[in-house]
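Raw work.cif, mmCIF, C-alpha atoms:
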data_model
loop_
_atom_site.label_atom_id
_atom_site.label_comp_id
_atom_site.auth_asym_id
_atom_site.auth_seq_id
_atom_site.Cartn_x
_atom_site.Cartn_y
_atom_site.Cartn_z
CA MET A 1 135.04 105.10 115.52
CA GLU A 2 136.57 108.57 115.25
CA LYS A 3 140.24 109.50 115.69
CA ARG A 4 141.56 112.39 117.79
CA ILE A 5 145.16 113.52 117.39
CA VAL A 6 146.84 115.76 119.98
CA ILE A 7 150.34 117.16 119.33
CA ALA A 8 151.91 118.22 122.64
CA THR A 9 155.37 119.80 122.75
CA HIS A 10 157.54 122.32 124.53
CA ALA A 11 156.84 125.79 123.04
CA MET A 12 155.66 126.25 119.43
CA PHE A 13 156.93 123.01 117.86
CA SER A 14 153.38 121.56 117.81
CA GLU A 15 151.84 124.49 115.94
CA GLY A 16 154.83 124.68 113.62
CA ILE A 17 154.64 121.05 112.50
CA ALA A 18 150.84 121.32 112.21
CA SER A 19 151.32 124.23 109.79
CA SER A 20 153.52 122.00 107.59
CA LEU A 21 150.89 119.28 107.71
CA LYS A 22 148.18 121.76 106.71
CA MET A 23 150.28 123.16 103.86
CA ILE A 24 150.23 119.68 102.33
CA PHE A 25 146.93 118.15 103.50
CA GLY A 26 144.81 121.30 103.74
CA ASP A 27 143.22 123.07 106.71
CA ALA A 28 140.64 120.37 107.32
CA VAL A 29 143.07 118.02 109.08
CA PRO A 30 141.86 117.80 112.68
CA VAL A 31 144.85 118.05 115.00
CA GLU A 32 144.94 119.76 118.40
CA CYS A 33 148.14 121.52 119.48
CA ILE A 34 149.53 122.05 122.97
CA THR A 35 152.35 124.60 123.21
CA ALA A 36 153.49 123.69 126.71
CA TYR A 37 155.12 126.12 129.14
CA VAL A 38 154.59 129.13 126.85
CA ASP A 39 151.89 130.73 129.03
CA LEU A 40 153.13 130.96 132.63
CA SER A 41 149.58 131.40 133.92
CA VAL A 42 148.54 127.93 132.72
CA ASP A 43 148.85 124.76 134.84
CA TYR A 44 150.11 122.49 132.06
CA GLN A 45 150.23 119.38 134.22
CA ASP A 46 146.48 119.79 134.78
CA LYS A 47 145.86 120.67 131.13
CA LEU A 48 147.68 117.59 129.81
CA GLU A 49 145.96 115.30 132.33
CA LYS A 50 142.52 116.59 131.30
CA ILE A 51 143.16 115.81 127.61
CA VAL A 52 143.42 112.17 128.57
CA SER A 53 140.99 111.95 131.50
CA GLU A 54 138.15 113.82 129.78
CA HIS A 55 138.46 112.10 126.41
CA ASP A 56 135.42 110.22 125.09
CA TYR A 57 136.96 106.75 124.62
CA GLU A 58 133.69 105.19 123.50
CA HIS A 59 133.52 107.28 120.36
CA ALA A 60 137.13 108.10 119.46
CA GLU A 61 140.65 106.70 119.58
CA LEU A 62 143.09 109.18 121.13
CA VAL A 63 146.64 109.50 119.78
CA VAL A 64 149.05 111.80 121.63
CA LEU A 65 152.28 112.77 119.86
CA THR A 66 155.03 114.42 121.91
CA ASP A 67 158.41 115.98 121.20
CA ILE A 68 161.04 114.04 123.13
CA LEU A 69 161.51 110.95 125.28
CA GLY A 70 162.44 111.99 128.81
CA GLY A 71 161.03 115.49 128.36
CA SER A 72 158.46 116.90 130.78
CA VAL A 73 155.57 116.77 128.31
CA ASN A 74 156.07 113.11 127.46
CA ASN A 75 156.71 112.22 131.10
CA GLU A 76 153.31 113.68 132.06
CA PHE A 77 151.54 111.44 129.53
CA MET A 78 153.66 108.37 130.37
CA GLY A 79 152.31 108.56 133.92
CA LEU A 80 148.74 108.29 132.60
CA LEU A 81 149.19 105.25 130.34
CA ASP A 82 148.33 102.74 133.07
CA LYS A 83 144.98 104.45 133.77
CA TYR A 84 143.73 105.42 130.30
CA ASN A 85 143.58 103.57 126.99
CA PHE A 86 145.26 106.05 124.64
CA HIS A 87 148.20 105.81 122.21
CA LEU A 88 151.36 107.75 123.07
CA ILE A 89 154.22 108.25 120.60
CA THR A 90 157.24 110.44 121.20
CA GLY A 91 160.06 111.68 118.93
CA LEU A 92 157.62 113.36 116.57
CA ASN A 93 158.69 114.10 113.02
CA LEU A 94 156.67 114.96 109.91
CA ALA A 95 156.71 111.42 108.47
CA LEU A 96 155.22 110.10 111.72
CA LEU A 97 152.53 112.78 111.72
CA PHE A 98 151.57 112.01 108.10
CA GLU A 99 151.24 108.30 108.83
CA VAL A 100 149.15 108.81 111.97
CA VAL A 101 146.86 111.28 110.17
CA THR A 102 146.24 108.87 107.27
CA CYS A 103 145.79 105.71 109.38
CA PRO A 104 142.11 104.75 109.90
CA ALA A 105 141.03 104.85 113.56
CA GLU A 106 140.19 101.15 113.63
CA ASP A 107 143.67 100.17 112.37
CA LEU A 108 145.68 102.28 114.84
CA THR A 109 146.39 99.60 117.44
CA ALA A 110 147.58 97.13 114.81
CA ASN A 111 149.49 99.61 112.67
CA LEU A 112 151.22 101.95 115.13
CA PRO A 113 154.27 99.68 115.68
CA SER A 114 155.02 99.65 111.94
CA ILE A 115 154.19 103.36 111.59
CA VAL A 116 156.83 104.08 114.24
CA GLU A 117 159.34 101.89 112.39
CA GLN A 118 158.67 103.72 109.11
CA ALA A 119 159.04 107.13 110.75
CA ARG A 120 162.41 106.03 112.14
CA GLU A 121 163.58 105.09 108.65
CA HIS A 122 162.64 108.57 107.46
CA ILE A 123 165.47 110.07 109.53
CA VAL A 124 168.25 109.88 106.97
CA LEU A 125 171.76 111.23 106.55
CA CYS A 126 171.29 112.17 102.89
CA ASN A 127 175.03 112.26 102.19
CA GLU A 128 175.09 108.49 102.78
CA LEU A 129 172.01 108.06 100.56
CA VAL A 130 173.68 109.90 97.68
CA GLU A 131 176.93 107.95 98.15
CA ALA A 132 175.02 104.65 98.16
CA LYS A 133 173.20 105.61 94.95
CA ALA A 134 176.49 106.62 93.29
CA ALA A 135 178.08 103.31 94.34
CA ALA A 136 175.10 101.35 92.98
CA ALA A 137 175.27 103.27 89.68
CA ALA A 138 179.00 102.54 89.44
CA ASP A 139 178.33 98.83 90.07
CA ASP A 140 175.68 98.84 87.32
CA GLN A 141 178.11 100.44 84.87
CA LEU A 142 180.77 97.85 85.75
CA ALA A 143 178.26 95.01 85.29
CA GLU A 144 177.31 96.40 81.86
CA LEU A 145 180.97 96.61 80.83
CA ASN A 146 181.56 93.03 81.98
CA GLU A 147 178.77 91.85 79.68
CA PHE A 148 180.91 92.76 76.65
CA MET B 1 186.11 125.60 112.83
CA GLU B 2 182.62 127.05 113.41
CA LYS B 3 179.29 125.25 112.91
CA ARG B 4 176.27 126.62 111.06
CA ILE B 5 172.89 124.94 111.42
CA VAL B 6 170.03 125.64 109.00
CA ILE B 7 166.58 124.19 109.64
CA ALA B 8 164.57 124.22 106.41
CA THR B 9 160.97 122.99 106.32
CA HIS B 10 157.58 123.50 104.69
CA ALA B 11 155.77 126.31 106.56
CA MET B 12 156.47 127.10 110.25
CA PHE B 13 157.82 123.74 111.43
CA SER B 14 161.40 125.13 111.48
CA GLU B 15 160.58 128.11 113.69
CA GLY B 16 158.37 125.96 115.91
CA ILE B 17 161.05 123.37 116.66
CA ALA B 18 163.63 126.15 117.12
CA SER B 19 161.38 127.67 119.80
CA SER B 20 161.41 124.32 121.68
CA LEU B 21 165.18 124.19 121.40
CA LYS B 22 165.48 127.72 122.75
CA MET B 23 163.12 127.00 125.65
CA ILE B 24 165.61 124.38 126.81
CA PHE B 25 169.01 125.67 125.62
CA GLY B 26 168.36 129.43 125.78
CA ASP B 27 168.17 132.06 123.06
CA ALA B 28 171.89 131.95 122.29
CA VAL B 29 171.65 128.76 120.21
CA PRO B 30 172.55 129.81 116.66
CA VAL B 31 170.11 128.17 114.25
CA GLU B 32 168.74 129.68 111.04
CA CYS B 33 165.17 128.87 110.02
CA ILE B 34 163.66 128.65 106.55
CA THR B 35 159.84 128.57 106.47
CA ALA B 36 159.51 127.48 102.84
CA TYR B 37 156.55 128.37 100.60
CA VAL B 38 154.96 130.66 103.20
CA ASP B 39 155.73 133.89 101.31
CA LEU B 40 154.52 133.56 97.71
CA SER B 41 156.75 136.45 96.59
CA VAL B 42 159.94 134.54 97.49
CA ASP B 43 161.81 132.26 95.06
CA TYR B 44 162.57 129.48 97.54
CA GLN B 45 164.53 127.37 95.07
CA ASP B 46 166.94 130.29 94.70
CA LYS B 47 166.94 130.99 98.45
CA LEU B 48 167.78 127.39 99.37
CA GLU B 49 170.50 127.17 96.70
CA LYS B 50 172.14 130.35 98.01
CA ILE B 51 172.37 128.98 101.57
CA VAL B 52 174.65 126.27 100.23
CA SER B 53 176.44 128.08 97.39
CA GLU B 54 177.30 131.21 99.41
CA HIS B 55 178.38 129.41 102.58
CA ASP B 56 181.94 130.01 103.83
CA TYR B 57 183.20 126.42 103.88
CA GLU B 58 186.69 127.40 104.99
CA HIS B 59 185.51 128.71 108.32
CA ALA B 60 182.37 126.74 109.14
CA GLU B 61 180.76 123.33 108.74
CA LEU B 62 177.23 123.60 107.35
CA VAL B 63 174.49 121.25 108.58
CA VAL B 64 171.09 121.45 106.87
CA LEU B 65 168.14 119.76 108.60
CA THR B 66 164.93 119.26 106.62
CA ASP B 67 161.44 118.01 107.34
CA ILE B 68 160.77 114.99 105.12
CA LEU B 69 162.47 112.66 102.66
CA GLY B 70 160.96 113.13 99.21
CA GLY B 71 159.60 116.58 100.07
CA SER B 72 160.39 119.60 97.90
CA VAL B 73 162.68 121.24 100.47
CA ASN B 74 164.85 118.17 100.93
CA ASN B 75 164.87 117.47 97.19
CA GLU B 76 166.29 120.93 96.52
CA PHE B 77 169.21 120.30 98.87
CA MET B 78 169.74 116.70 97.65
CA GLY B 79 170.45 118.11 94.20
CA LEU B 80 173.27 120.24 95.62
CA LEU B 81 175.13 117.51 97.54
CA ASP B 82 177.36 116.57 94.61
CA LYS B 83 178.60 120.17 94.21
CA TYR B 84 178.97 121.38 97.81
CA ASN B 85 180.48 119.80 100.92
CA PHE B 86 177.66 120.21 103.46
CA HIS B 87 175.80 117.78 105.72
CA LEU B 88 172.13 117.08 104.93
CA ILE B 89 169.82 115.25 107.32
CA THR B 90 166.09 114.81 106.84
CA GLY B 91 163.28 113.53 109.09
CA LEU B 92 164.00 116.18 111.71
CA ASN B 93 162.85 115.61 115.27
CA LEU B 94 163.85 117.31 118.52
CA ALA B 95 166.32 114.59 119.60
CA LEU B 96 168.16 114.99 116.30
CA LEU B 97 168.29 118.77 116.67
CA PHE B 98 169.65 118.51 120.24
CA GLU B 99 172.41 116.13 119.16
CA VAL B 100 173.46 118.26 116.18
CA VAL B 101 173.49 121.41 118.31
CA THR B 102 175.71 119.83 120.96
CA CYS B 103 178.13 118.06 118.57
CA PRO B 104 181.44 119.96 118.10
CA ALA B 105 182.00 121.13 114.51
CA GLU B 106 185.15 119.04 114.10
CA ASP B 107 183.34 115.82 115.12
CA LEU B 108 180.34 116.22 112.79
CA THR B 109 181.56 114.06 109.91
CA ALA B 110 182.50 111.20 112.22
CA ASN B 111 179.49 111.46 114.53
CA LEU B 112 176.52 112.21 112.26
CA PRO B 113 175.85 108.54 111.35
CA SER B 114 175.48 107.62 115.04
CA ILE B 115 173.55 110.83 115.79
CA VAL B 116 171.03 109.80 113.12
CA GLU B 117 170.78 106.31 114.64
CA GLN B 118 170.14 107.76 118.11
CA ALA B 119 167.47 110.13 116.81
CA ARG B 120 165.72 107.16 115.18
CA GLU B 121 165.66 105.33 118.51
CA HIS B 122 164.00 108.36 120.08
CA ILE B 123 160.83 107.71 118.06
CA VAL B 124 159.05 105.42 120.47
CA LEU B 125 155.58 103.94 120.89
CA CYS B 126 155.44 104.56 124.64
CA ASN B 127 152.68 102.00 125.19
CA GLU B 128 155.21 99.29 124.22
CA LEU B 129 157.81 100.86 126.52
CA VAL B 130 155.44 100.75 129.50
CA GLU B 131 154.39 97.16 128.68
CA ALA B 132 158.05 96.08 128.44
CA LYS B 133 158.82 97.69 131.81
CA ALA B 134 155.79 96.01 133.41
CA ALA B 135 156.84 92.64 131.97
CA ALA B 136 160.41 93.11 133.28
CA ALA B 137 159.08 94.05 136.73
CA ALA B 138 156.86 90.93 136.74
CA ASP B 139 159.85 88.77 135.78
CA ASP B 140 161.87 90.29 138.64
CA GLN B 141 159.05 89.54 141.11
CA LEU B 142 158.85 85.96 139.87
CA ALA B 143 162.61 85.53 140.19
CA GLU B 144 162.47 86.83 143.77
CA LEU B 145 159.65 84.41 144.65
CA ASN B 146 161.62 81.52 143.15
CA GLU B 147 164.52 82.28 145.47
CA PHE B 148 162.41 81.22 148.45
#
Will you turn the file into structure tokens for me?
Amino acid sequence: MEKRIVIATHAMFSEGIASSLKMIFGDAVPVECITAYVDLSVDYQDKLEKIVSEHDYEHAELVVLTDILGGSVNNEFMGLLDKYNFHLITGLNLALLFEVVTCPAEDLTANLPSIVEQAREHIVLCNELVEAKAAAAADDQLAELNEF
Amino acid sequence: MEKRIVIATHAMFSEGIASSLKMIFGDAVPVECITAYVDLSVDYQDKLEKIVSEHDYEHAELVVLTDILGGSVNNEFMGLLDKYNFHLITGLNLALLFEVVTCPAEDLTANLPSIVEQAREHIVLCNELVEAKAAAAADDQLAELNEF
């Protein structure tokens, strides 16, 4: 079984995040990008629907990653979930993209819930992280002092 | 107090997500983008350090948003958190960017922990969302039938 990944976002977000992915994984990573509503001559509703309706489900799993819950792009795909057997994840960040790219096609259904959880944990207020590390280091120092 | 937002990522992710933001909020949204490691003639370590060291902290809060925890860009900023009083959030997605853009400068310190939590909840496996809604609708139907 193959794996097909489509990144669909408002404007250039999809191509931007794909360029980060390629900087790290190389150009060979197969992702398709939709930059919705950029070209006013394109019927994006039709374009998004065709991604899903014309996909070859016998030979490849389809994963669609979108920018934001409640946004037009994600709403279009949400309306297709009851008719087609594809995976739809919204709230895209780079950690999520890395995990989806590296997950084998046959493990997607089982692993996507935990992949989503991990991507959530990758959104971090680093000030709190640094404070927590400093507090832990202070605790360690205190514990060492108490040993004497 | 003003608010300064810097989006710093590997490659074009920063400019891509800023284009989505501008499609929705308009061109007037003041965000600065760093597309790290794209131009081999630039010393990015120096460039990132200067964003923080030359910032006017008396007149503006500085929020830096980066692409991924453990990545070079975020690591550079992490090393500056003990010297400079700026906000650093990693794992950037569009929900996070929206919330940071709309948060008043004076509320940033108090609100960023909950903004990060909300952005995490915006990463969603939509298949589960649709299944949960279908299950809730089925429960409602059953409850209605039981009333007769």
Report, as JSON, the centre and edge lengths in Å (one decimal) of the axis-aligned box enclosing every listed atom of stretch 84-100 of chain A, padded by 8 Å on each side.
{"center_x": 151.8, "center_y": 109.3, "center_z": 119.2, "size_x": 32.5, "size_y": 27.4, "size_z": 38.2}
Once you count only C-alpha atoms, what closest atom pair and distance in Å to one decimal does each residue of stretch 21-83 of chain B within 10 Å of stretch 6-11 of chain A have, with rows by chain and rising residue number, as a tab-separated table?
residue	atom	partner	partner_atom	distance
B:Leu21	CA	A:His10	CA	8.5
B:Lys22	CA	A:Ala11	CA	8.9
B:Met23	CA	A:Ala11	CA	6.9
B:Ile24	CA	A:His10	CA	8.6
Quiz item: Which distance in Å separates atom CA of A:Phe98 and atom CA of A:Phe13, to one decimal?
Solution: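 Between atom CA of A:Phe98 and atom CA of A:Phe13 the gap works out to 15.7 Å.
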Exercise. May I have the protein, DNA and RNA residues with any atom at most 10 Å from the point (164.8, 124.3, 107.0), counting all atoms listed in the file, written as a ChimeraX atom specification?
Key: /B:5-15,31-36,48,64-67,73-74,90,92
Dump C-alpha atoms for the selected residues as a tab-separated table (two decimals), keeping the file's coordinate frame?
chain	number	residue	atom	x	y	z
B	5	ILE	CA	172.89	124.94	111.42
B	6	VAL	CA	170.03	125.64	109.00
B	7	ILE	CA	166.58	124.19	109.64
B	8	ALA	CA	164.57	124.22	106.41
B	9	THR	CA	160.97	122.99	106.32
B	10	HIS	CA	157.58	123.50	104.69
B	11	ALA	CA	155.77	126.31	106.56
B	12	MET	CA	156.47	127.10	110.25
B	13	PHE	CA	157.82	123.74	111.43
B	14	SER	CA	161.40	125.13	111.48
B	15	GLU	CA	160.58	128.11	113.69
B	31	VAL	CA	170.11	128.17	114.25
B	32	GLU	CA	168.74	129.68	111.04
B	33	CYS	CA	165.17	128.87	110.02
B	34	ILE	CA	163.66	128.65	106.55
B	35	THR	CA	159.84	128.57	106.47
B	36	ALA	CA	159.51	127.48	102.84
B	48	LEU	CA	167.78	127.39	99.37
B	64	VAL	CA	171.09	121.45	106.87
B	65	LEU	CA	168.14	119.76	108.60
B	66	THR	CA	164.93	119.26	106.62
B	67	ASP	CA	161.44	118.01	107.34
B	73	VAL	CA	162.68	121.24	100.47
B	74	ASN	CA	164.85	118.17	100.93
B	90	THR	CA	166.09	114.81	106.84
B	92	LEU	CA	164.00	116.18	111.71
Practice problem: Translate the PyMOL selection byres ((chain B and resi 125-129) around 9), as applied to the file shown, into an explicit residue set as a PyMOL selection string. | Solution: (chain A and resi 69+78+81+86-90+112-113+116) or (chain B and resi 123-124+130-134)
Self-check item: Separation of atom CA of B:Asp56 from atom CA of B:Arg4 in Å
Solution: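 We find that atom CA of B:Arg4 and atom CA of B:Asp56 lie 9.8 Å from each other.
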Exercise. Given the file shown, determine the residues that the PyMOL selection byres ((chain B and resi 103) around 12) selects; report them as a PyMOL selection string.
Key: chain B and resi 2-5+61+63+96-102+104-112+114-115
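The gap separating atom CA of A:Ile51 from atom CA of B:Ala137 is 28.5 Å, in Å to one decimal.
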Practice problem: Give me the result of the PyMOL selection byres ((chain A and resi 53) around 12) on this file, residue by residue, as a PyMOL selection string. | Solution: chain A and resi 46-52+54-57+62+77+80-86
Quiz item: In terms of the shortest atom-to-atom distance over only C-alpha atoms, which of A:Ala18, A:Met1, A:Val29, A:Leu145 is closest to chain B?
Solution: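 When distances to chain B are compared using only C-alpha atoms, the smallest one comes from A:Ala18.
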Quiz prompt | Of the listed residues B:Ala60, B:Ile17, B:Ile68, B:Ala143, that which approaches A:His122 most closely, counting only C-alpha atoms | solution =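 Among the listed residues, B:Ile68 lies closest to A:His122.
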